Structures are given as structure tokens and as C-alpha cells.
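Structure below is my_file-v1.csv: CSV, C-alpha atoms.
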```
chain,number,residue,atom,x,y,z
V,1,MET,CA,0.0,0.0,0.0
V,2,ALA,CA,1.3,3.5,-0.9
V,3,SER,CA,2.0,5.8,2.0
V,4,LYS,CA,-0.4,8.6,2.8
V,5,GLN,CA,2.1,11.2,1.4
V,6,GLN,CA,2.1,9.7,-2.1
V,7,VAL,CA,0.1,11.6,-4.7
V,8,ALA,CA,-1.7,10.4,-7.8
V,9,GLY,CA,-2.2,13.4,-10.1
V,10,ASP,CA,-3.3,16.1,-7.7
V,11,LEU,CA,-4.9,13.7,-5.2
V,12,SER,CA,-2.9,12.4,-2.2
V,13,LEU,CA,-3.9,9.1,-0.6
V,14,GLU,CA,-4.7,10.8,2.6
V,15,ARG,CA,-7.0,13.3,0.9
V,16,ALA,CA,-8.6,10.4,-1.1
V,17,ILE,CA,-9.4,8.5,2.2
V,18,GLU,CA,-10.9,11.6,3.8
V,19,SER,CA,-13.1,12.6,0.8
V,20,GLY,CA,-14.3,9.3,-0.5
V,21,MET,CA,-12.0,9.4,-3.6
V,22,LEU,CA,-10.0,6.2,-3.2
V,23,VAL,CA,-11.3,4.8,-6.5
V,24,ALA,CA,-10.2,8.1,-8.1
V,25,TYR,CA,-6.7,7.7,-6.5
V,26,TYR,CA,-6.4,4.2,-8.0
V,27,ALA,CA,-7.8,5.3,-11.3
V,28,HIS,CA,-4.7,7.5,-11.6
V,29,THR,CA,-2.2,4.9,-10.4
V,30,GLN,CA,-3.6,1.8,-12.0
V,31,GLY,CA,-6.4,2.9,-14.4
V,32,ASP,CA,-6.3,-0.1,-16.7
V,33,VAL,CA,-6.7,-2.6,-13.9
V,34,MET,CA,-10.1,-4.3,-13.8
V,35,ALA,CA,-12.1,-2.9,-10.9
V,36,VAL,CA,-15.5,-4.7,-11.4
V,37,THR,CA,-16.2,-8.0,-13.3
V,38,SER,CA,-19.8,-9.2,-13.3
V,39,ALA,CA,-22.2,-11.2,-15.3
V,40,PHE,CA,-23.6,-7.9,-16.6
V,41,GLY,CA,-20.4,-6.2,-17.6
V,42,GLU,CA,-17.0,-5.0,-16.4
V,43,ARG,CA,-15.2,-1.7,-15.5
V,44,THR,CA,-11.6,-0.7,-15.1
V,45,PHE,CA,-10.7,1.6,-12.3
V,46,ARG,CA,-10.5,4.5,-14.8
V,47,GLN,CA,-14.0,3.7,-16.2
V,48,LEU,CA,-15.5,3.2,-12.7
V,49,ASN,CA,-14.1,6.5,-11.6
V,50,GLU,CA,-15.2,8.5,-14.6
V,51,ASN,CA,-18.8,7.2,-14.4
V,52,ALA,CA,-18.9,8.0,-10.7
V,53,ASN,CA,-17.9,11.6,-11.5
V,54,ARG,CA,-20.5,11.7,-14.3
V,55,LEU,CA,-23.2,10.5,-11.8
V,56,VAL,CA,-22.2,13.2,-9.3
V,57,ARG,CA,-22.6,15.9,-11.9
V,58,LEU,CA,-25.9,14.4,-13.1
V,59,PHE,CA,-27.3,14.3,-9.5
V,60,ARG,CA,-26.2,17.9,-8.9
V,61,ALA,CA,-27.9,19.0,-12.2
V,62,HIS,CA,-31.1,17.7,-10.6
V,63,GLY,CA,-30.6,19.6,-7.4
V,64,LEU,CA,-29.1,16.9,-5.2
V,65,GLY,CA,-26.6,18.0,-2.6
V,66,PRO,CA,-24.8,16.7,0.5
V,67,GLY,CA,-27.2,14.8,2.8
V,68,ASP,CA,-29.7,14.0,0.1
V,69,GLY,CA,-30.8,10.4,-0.5
V,70,VAL,CA,-30.2,8.1,-3.5
V,71,ALA,CA,-31.9,4.8,-3.7
V,72,HIS,CA,-30.7,1.9,-5.9
V,73,VAL,CA,-32.2,-1.5,-6.7
V,74,SER,CA,-30.4,-4.0,-8.9
V,75,ARG,CA,-28.6,-7.3,-8.9
V,76,ASN,CA,-24.8,-7.3,-8.4
V,77,CYS,CA,-23.7,-5.2,-11.4
V,78,CYS,CA,-21.3,-2.4,-12.4
V,79,GLU,CA,-24.0,0.2,-12.1
V,80,PHE,CA,-24.5,-0.7,-8.4
V,81,VAL,CA,-20.8,0.0,-7.7
V,82,GLU,CA,-20.9,3.3,-9.7
V,83,VAL,CA,-23.8,4.7,-7.8
V,84,LEU,CA,-22.2,3.6,-4.5
V,85,MET,CA,-18.9,5.4,-5.5
V,86,ALA,CA,-20.7,8.5,-6.7
V,87,THR,CA,-22.6,8.9,-3.4
V,88,THR,CA,-19.5,8.2,-1.4
V,89,ARG,CA,-17.7,11.2,-2.9
V,90,ALA,CA,-20.6,13.6,-3.2
V,91,GLY,CA,-21.8,13.7,0.4
V,92,LEU,CA,-25.0,11.8,-0.6
V,93,ARG,CA,-26.8,9.1,1.4
V,94,PHE,CA,-26.9,5.8,-0.4
V,95,THR,CA,-29.7,3.3,0.1
V,96,PRO,CA,-29.4,-0.1,-1.6
V,97,ILE,CA,-32.6,-2.1,-1.9
V,98,ASN,CA,-33.2,-5.8,-1.8
V,99,PHE,CA,-34.1,-6.7,-5.4
V,100,HIS,CA,-36.3,-9.6,-4.2
V,101,LEU,CA,-38.9,-7.2,-2.8
V,102,ASN,CA,-42.1,-6.5,-4.6
V,103,ALA,CA,-43.2,-3.1,-6.0
V,104,GLU,CA,-45.0,-1.9,-2.8
V,105,GLU,CA,-42.0,-2.8,-0.6
V,106,ILE,CA,-39.5,-1.2,-2.9
V,107,GLY,CA,-41.7,1.9,-3.2
V,108,TYR,CA,-42.0,2.2,0.5
V,109,ILE,CA,-38.2,2.2,1.0
V,110,VAL,CA,-37.6,4.7,-1.8
V,111,ASP,CA,-40.1,7.1,-0.3
V,112,ASN,CA,-39.2,6.5,3.3
V,113,CYS,CA,-35.5,7.1,2.8
V,114,ASP,CA,-36.4,10.5,1.1
V,115,ALA,CA,-34.6,9.5,-2.1
V,116,LEU,CA,-34.4,12.3,-4.6
V,117,ALA,CA,-32.8,10.0,-7.2
V,118,PHE,CA,-33.8,6.4,-7.9
V,119,VAL,CA,-31.6,4.0,-10.0
V,120,ALA,CA,-33.2,0.7,-11.0
V,121,ASP,CA,-32.2,-2.4,-12.9
V,122,ALA,CA,-34.5,-2.9,-15.9
V,123,ARG,CA,-33.9,-6.6,-15.8
V,124,LEU,CA,-36.1,-6.7,-12.7
V,125,GLY,CA,-39.1,-6.0,-14.8
V,126,GLN,CA,-42.1,-3.9,-13.7
V,127,PRO,CA,-41.7,-3.6,-9.9
V,128,PRO,CA,-39.3,-0.6,-10.1
V,129,VAL,CA,-41.9,1.2,-12.4
V,130,ALA,CA,-44.7,0.7,-9.9
V,131,ALA,CA,-42.3,1.6,-7.0
V,132,ARG,CA,-41.4,4.9,-8.7
V,133,ALA,CA,-45.1,5.8,-8.6
V,134,LYS,CA,-45.1,5.5,-4.8
V,135,ALA,CA,-42.1,7.9,-4.4
V,136,PRO,CA,-43.2,11.4,-5.4
V,137,LYS,CA,-40.1,13.0,-4.0
V,138,VAL,CA,-37.9,11.4,-6.7
V,139,ARG,CA,-36.5,14.0,-9.1
V,140,LEU,CA,-34.3,11.7,-11.2
V,141,ALA,CA,-35.1,8.1,-12.2
V,142,LEU,CA,-32.5,6.2,-14.1
V,143,ALA,CA,-32.9,2.7,-15.6
V,144,CYS,CA,-29.7,0.5,-16.2
V,145,GLY,CA,-29.6,-2.7,-18.1
V,146,GLY,CA,-32.5,-1.8,-20.4
V,147,SER,CA,-35.5,0.6,-20.5
V,148,LEU,CA,-38.2,1.3,-18.0
V,149,GLU,CA,-41.3,3.5,-18.5
V,150,GLY,CA,-40.8,6.8,-16.7
V,151,PHE,CA,-37.0,6.3,-16.3
V,152,GLU,CA,-34.2,7.9,-18.2
V,153,ASP,CA,-31.6,5.7,-19.8
V,154,TYR,CA,-28.6,5.4,-17.4
V,155,GLY,CA,-25.9,5.2,-20.1
V,156,GLN,CA,-27.3,8.0,-22.2
V,157,ALA,CA,-27.7,10.3,-19.2
V,158,LEU,CA,-24.1,9.7,-18.1
V,159,ALA,CA,-22.7,10.2,-21.6
V,160,ALA,CA,-23.7,13.8,-21.5
V,161,GLN,CA,-21.6,14.5,-18.4
V,162,ASP,CA,-17.9,15.2,-17.7
V,163,GLY,CA,-16.0,12.2,-16.4
V,164,SER,CA,-13.1,14.2,-14.9
V,165,ASP,CA,-12.6,14.2,-11.1
V,166,ILE,CA,-15.0,16.5,-9.2
V,167,GLU,CA,-13.1,19.4,-7.5
V,168,ASP,CA,-15.1,19.4,-4.2
V,169,PRO,CA,-15.5,15.8,-3.0
V,170,GLN,CA,-17.2,15.2,0.3
V,171,LEU,CA,-17.6,11.9,2.2
V,172,GLY,CA,-21.1,10.5,1.9
V,173,SER,CA,-23.0,8.0,4.0
V,174,ARG,CA,-25.3,5.0,3.8
V,175,MET,CA,-28.7,4.1,5.1
V,176,LEU,CA,-29.5,0.4,4.8
V,177,TYR,CA,-32.9,-1.1,5.7
V,178,THR,CA,-33.4,-4.0,8.1
V,179,SER,CA,-34.9,-7.4,7.1
V,180,GLY,CA,-36.6,-10.0,9.2
V,181,THR,CA,-38.4,-7.4,11.3
V,182,THR,CA,-42.1,-7.1,12.0
V,183,GLY,CA,-43.9,-4.4,10.2
V,184,ARG,CA,-42.0,-2.1,7.9
V,185,PRO,CA,-38.2,-2.3,7.5
V,186,LYS,CA,-36.3,0.3,9.5
V,187,GLY,CA,-33.6,2.5,8.0
V,188,VAL,CA,-30.2,2.2,9.7
V,189,PHE,CA,-28.0,5.3,9.1
V,190,LYS,CA,-24.2,4.7,8.8
V,191,HIS,CA,-21.7,7.6,8.4
V,192,ASP,CA,-18.6,5.5,7.7
V,193,PRO,CA,-18.9,4.5,4.0
V,194,VAL,CA,-15.2,4.1,3.4
V,195,PRO,CA,-13.4,1.5,5.6
V,196,ASP,CA,-10.2,2.5,7.3
V,197,VAL,CA,-7.1,1.7,5.3
V,198,PRO,CA,-4.6,0.9,8.0
V,199,GLN,CA,-1.2,-0.8,7.6
V,200,GLY,CA,-0.5,-4.3,8.9
V,201,PRO,CA,-1.5,-7.9,8.5
V,202,GLU,CA,-5.1,-9.1,8.3
V,203,THR,CA,-6.5,-5.7,7.3
V,204,PRO,CA,-7.8,-4.4,4.0
V,205,ALA,CA,-4.3,-2.9,3.6
V,206,SER,CA,-2.9,-6.5,3.3
V,207,TYR,CA,-4.4,-6.6,-0.2
V,208,ARG,CA,-1.9,-6.2,-3.0
V,209,PRO,CA,-3.3,-3.3,-5.2
V,210,GLY,CA,-3.5,-4.2,-8.8
V,211,LEU,CA,-2.7,-7.9,-8.2
V,212,ASP,CA,-5.3,-9.4,-5.9
V,213,ARG,CA,-9.0,-9.9,-6.7
V,214,GLY,CA,-11.9,-9.9,-4.3
V,215,LEU,CA,-14.9,-12.2,-4.5
V,216,VAL,CA,-18.3,-10.7,-3.7
V,217,THR,CA,-20.0,-13.7,-2.1
V,218,GLY,CA,-23.5,-12.3,-1.5
V,219,PRO,CA,-26.0,-9.7,-2.7
V,220,ALA,CA,-24.4,-6.2,-2.7
V,221,TYR,CA,-27.4,-4.7,-0.9
V,222,HIS,CA,-26.5,-6.7,2.3
V,223,ALA,CA,-24.3,-4.9,4.8
V,224,ALA,CA,-21.4,-7.4,5.0
V,225,PRO,CA,-20.9,-7.9,1.2
V,226,LEU,CA,-21.3,-4.2,0.7
V,227,VAL,CA,-18.6,-3.2,3.2
V,228,ILE,CA,-16.3,-6.2,3.4
V,229,ASP,CA,-16.4,-7.5,-0.2
V,230,ILE,CA,-16.9,-4.3,-2.2
V,231,LEU,CA,-15.7,-1.2,-0.3
V,232,ALA,CA,-12.8,-2.8,1.5
V,233,ALA,CA,-11.4,-4.3,-1.7
V,234,LEU,CA,-11.9,-1.3,-4.0
V,235,SER,CA,-10.7,1.1,-1.3
V,236,SER,CA,-7.4,-1.0,-1.3
V,237,GLY,CA,-7.0,-0.9,-5.0
V,238,VAL,CA,-8.3,-4.4,-5.5
V,239,GLY,CA,-10.8,-5.4,-8.2
V,240,ILE,CA,-13.9,-7.3,-7.4
V,241,VAL,CA,-15.8,-10.2,-9.1
```
Show me, as C-alpha cells, the structure contained in the file I just sent.
Amino acid sequence: MASKQQVAGDLSLERAIESGMLVAYYAHTQGDVMAVTSAFGERTFRQLNENANRLVRLFRAHGLGPGDGVAHVSRNCCEFVEVLMATTRAGLRFTPINFHLNAEEIGYIVDNCDALAFVADARLGQPPVAARAKAPKVRLALACGGSLEGFEDYGQALAAQDGSDIEDPQLGSRMLYTSGTTGRPKGVFKHDPVPDVPQGPETPASYRPGLDRGLVTGPAYHAAPLVIDILAALSSGVGIV
């Protein structure tokens, strides 16, 4: 692991950790290394970083700012990671949603978390469309992996935005919803979206950036795969499968 004093472009590792820009740091140091490999596509660190920057600019163009909510429902795919990384660097609150839920349940979470943006996987069919109708606060609805009625095309919307690093990153947060509870699921707020990157054995820092690969062993909306399998690996410069 590089020391905190090392700099990639104009971004030091220390600043990257503080501002949610670790993927940007690795995009400068190992941009062609594969960051995400999935059944639905792949991204290098450079591509992941550029799309995260485009998403931030798109969210801002629709009036989203620090503290605002973004909801996402999909299978494990590149777009999930892009939305996660965009919210992590834009001060936004990220809420991933269980893709097994029905339209009423998805709609409740999107509305309850006060999401102003909602990104949905078109491969899930009609539930996201019906869910969108139950969330009147949503200003921007994006569909990835295909088209959905009432949603903008994710790829086309991003293509119109600048992929260069944003100049004013701010660490975001997460709000995950509980499962297995009686009544409605409850939102659990977490304000530590980027794991620590300490030095030493048996830590995320023991990964070898650019060489190791991490396996995501569960659905990304679950807390453990989200933090341990996705954030810890990518924050250490290690691509995920």
C-alpha cells in the first residue's frame, strides 16, 4: 500500500481517504486494472471513476446536494458500484434495496429514505416502475440494463456528463434497511462509508493493489458484502468479481 504522502495526479492518498475518492486515486495509479467484473459487464478503475464523476454531476444537475438520498435496486452489477462510489464522494446518502422485494415494498423504502434519485435495474421488470409511482419526492429516475417506463436511460444520461474528477468531493453516508423485522423495515444510518485503510496484517491494507482480486460472495445490498467484499477491496486498489 502506498504511503499517505504519495500523490496520484493532484490527489494524495490521505485526501482520497478523507473525501471518498479512493477509487479516483487508484484510477490515476492503475487505471487499466479491472475494478469490477460481473455477469452484466465490467469496468476498469478508470472507467469506474469516470462514471462515478458523471453521476455526481448528473445528481447535482437535478438539485441533489450533501445529505440528500439516492436509492438503488439491482442485482450485483457495475452500475450498483458506480452509484455507490458517486454517493460516497458527493456527500450523498446511499440506500441499496433488496431486489427480491415487490413493488410496494421497494416503493416504501424509496419514499421512506427520502430519495431524490432512484436508479433501477430494468432486468427486474415492472416492480421498479410501480415503485417509482409510490415515491413522489424522486426528481431523477434512471434505468440501467434496459429501458423502463418513466425512467431515463442510465448510459445516455451519463454520456452527456464530464468524467473528470470533481473538484469538491465530500464523504457520503449509507442508510440500509433492516430485514426480518415485524412491520415495515427500518432505515439504519451509517456515516462511515469508506473502511479504514490501516497498515498491517489481516487488514484491507494487506491486499496487493492491482494484483489481488476480491470475490463478492453475496448480494451487494447486504451490509457485509457491501462493506467487506466491495468497499474494503476497492478502497485498497483491488478489483472485485
Exercise. What is the atom CA of Leu231 of chain V-atom CA of Asp212 of chain V distance in Å, reported with one decimal?
Worked result: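 Calculated distance between atom CA of Leu231 of chain V and atom CA of Asp212 of chain V is 14.4 Å.
Of the residues under consideration (V:Gly125, V:Gly31, V:Gly214, V:Pro209), V:Pro209 shows the shortest atom-to-atom contact distance to Ser236 of chain V when counting only C-alpha atoms.
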For this session: Grab the atom CA of Tyr25 of chain V to atom CA of Leu234 of chain V distance for me, in Å with one decimal place.
Result: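 Taking atom CA of Tyr25 of chain V and atom CA of Leu234 of chain V, their separation equals 10.7 Å.
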Seminar exercise, completed: In terms of all atoms listed in the file, the residue from V:Ser38, V:Ser147, V:Gln30, V:Thr44 at minimal distance from Asn76 of chain V is V:Ser38
Problem set entry | Nearby residues (all atoms listed in the file) at most 9 Å from segment 177-188 of chain V, same-chain spacing under 2 positions excluded, as a list of chain:residue names |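 Counting all atoms listed in the file, the residues come to V:Thr95, V:Pro96, V:Ile97, V:Asn98, V:Glu105, V:Tyr108, V:Ile109, V:Asn112, V:Cys113, V:Arg174, V:Met175, V:Lys190.
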Please save C-alpha atoms of the selected residues as a PDB file, keeping the file's coordinate frame.
```pdb
ATOM      1  CA  THR V  95     -29.700   3.300   0.100  1.00  0.00           C
ATOM      2  CA  PRO V  96     -29.400  -0.100  -1.600  1.00  0.00           C
ATOM      3  CA  ILE V  97     -32.600  -2.100  -1.900  1.00  0.00           C
ATOM      4  CA  ASN V  98     -33.200  -5.800  -1.800  1.00  0.00           C
ATOM      5  CA  GLU V 105     -42.000  -2.800  -0.600  1.00  0.00           C
ATOM      6  CA  TYR V 108     -42.000   2.200   0.500  1.00  0.00           C
ATOM      7  CA  ILE V 109     -38.200   2.200   1.000  1.00  0.00           C
ATOM      8  CA  ASN V 112     -39.200   6.500   3.300  1.00  0.00           C
ATOM      9  CA  CYS V 113     -35.500   7.100   2.800  1.00  0.00           C
ATOM     10  CA  ARG V 174     -25.300   5.000   3.800  1.00  0.00           C
ATOM     11  CA  MET V 175     -28.700   4.100   5.100  1.00  0.00           C
ATOM     12  CA  LYS V 190     -24.200   4.700   8.800  1.00  0.00           C
TER      13      LYS V 190
END
```
For this session: Please identify all polymer residues within 10 Å of Gln126 of chain V, counting all atoms listed in the file, omitting same-chain residues fewer than 6 positions from it, and present them as an NGL selection string.
Result: :V and (102-103 or 148-149)
For this session: Tell me, as a count of residues only, which residues lie within 12 Å of Ala233 of chain V, counting all atoms listed in the file; anything in the same chain fewer than 2 positions away does not count.
Result: 38
Determine, using all atoms listed in the file, which residues of segment 82-131 of chain V have any atom at most 12 Å from an atom of segment 46-70 of chain V, and tabulate each with its shortest atom pair and distance in Å to one decimal place, rows ordered by chain and then rising number, as CSV.
```
residue,atom,partner,partner_atom,distance
V:Glu82,CA,V:Ala52,CA,5.2
V:Val83,CA,V:Ala52,CA,6.6
V:Leu84,CA,V:Ala52,CA,8.3
V:Met85,CA,V:Ala52,CA,5.8
V:Ala86,CA,V:Ala52,CA,4.4
V:Thr87,CA,V:Val56,CA,7.3
V:Thr88,CA,V:Ala52,CA,9.3
V:Arg89,CA,V:Val56,CA,8.1
V:Ala90,CA,V:Val56,CA,6.3
V:Gly91,CA,V:Pro66,CA,4.2
V:Leu92,CA,V:Pro66,CA,5.0
V:Arg93,CA,V:Gly69,CA,4.6
V:Phe94,CA,V:Val70,CA,5.1
V:Thr95,CA,V:Val70,CA,6.0
V:Pro96,CA,V:Val70,CA,8.5
V:Ile97,CA,V:Val70,CA,10.6
V:Ile109,CA,V:Val70,CA,10.9
V:Val110,CA,V:Val70,CA,8.3
V:Asp111,CA,V:Gly69,CA,9.9
V:Asn112,CA,V:Gly69,CA,10.0
V:Cys113,CA,V:Gly69,CA,6.6
V:Asp114,CA,V:Gly69,CA,5.8
V:Ala115,CA,V:Gly69,CA,4.2
V:Leu116,CA,V:Gly69,CA,5.8
V:Ala117,CA,V:Val70,CA,4.9
V:Phe118,CA,V:Val70,CA,5.9
V:Val119,CA,V:Val70,CA,7.8
V:Ala120,CA,V:Val70,CA,11.0
```
Seminar exercise, completed: Glu104 of chain V proximity check over V:Ala130, V:Arg123, V:Leu176, V:Thr37, using all atoms listed in the file: winner is V:Ala130
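With only the atoms specified (all atoms listed in the file) counting, those residues at most 6 Å away from (-16.1, 13.8, -1.9) are Ser19, Gly20, Arg89, Ala90, Pro169, Gln170 and Leu171 of chain V.
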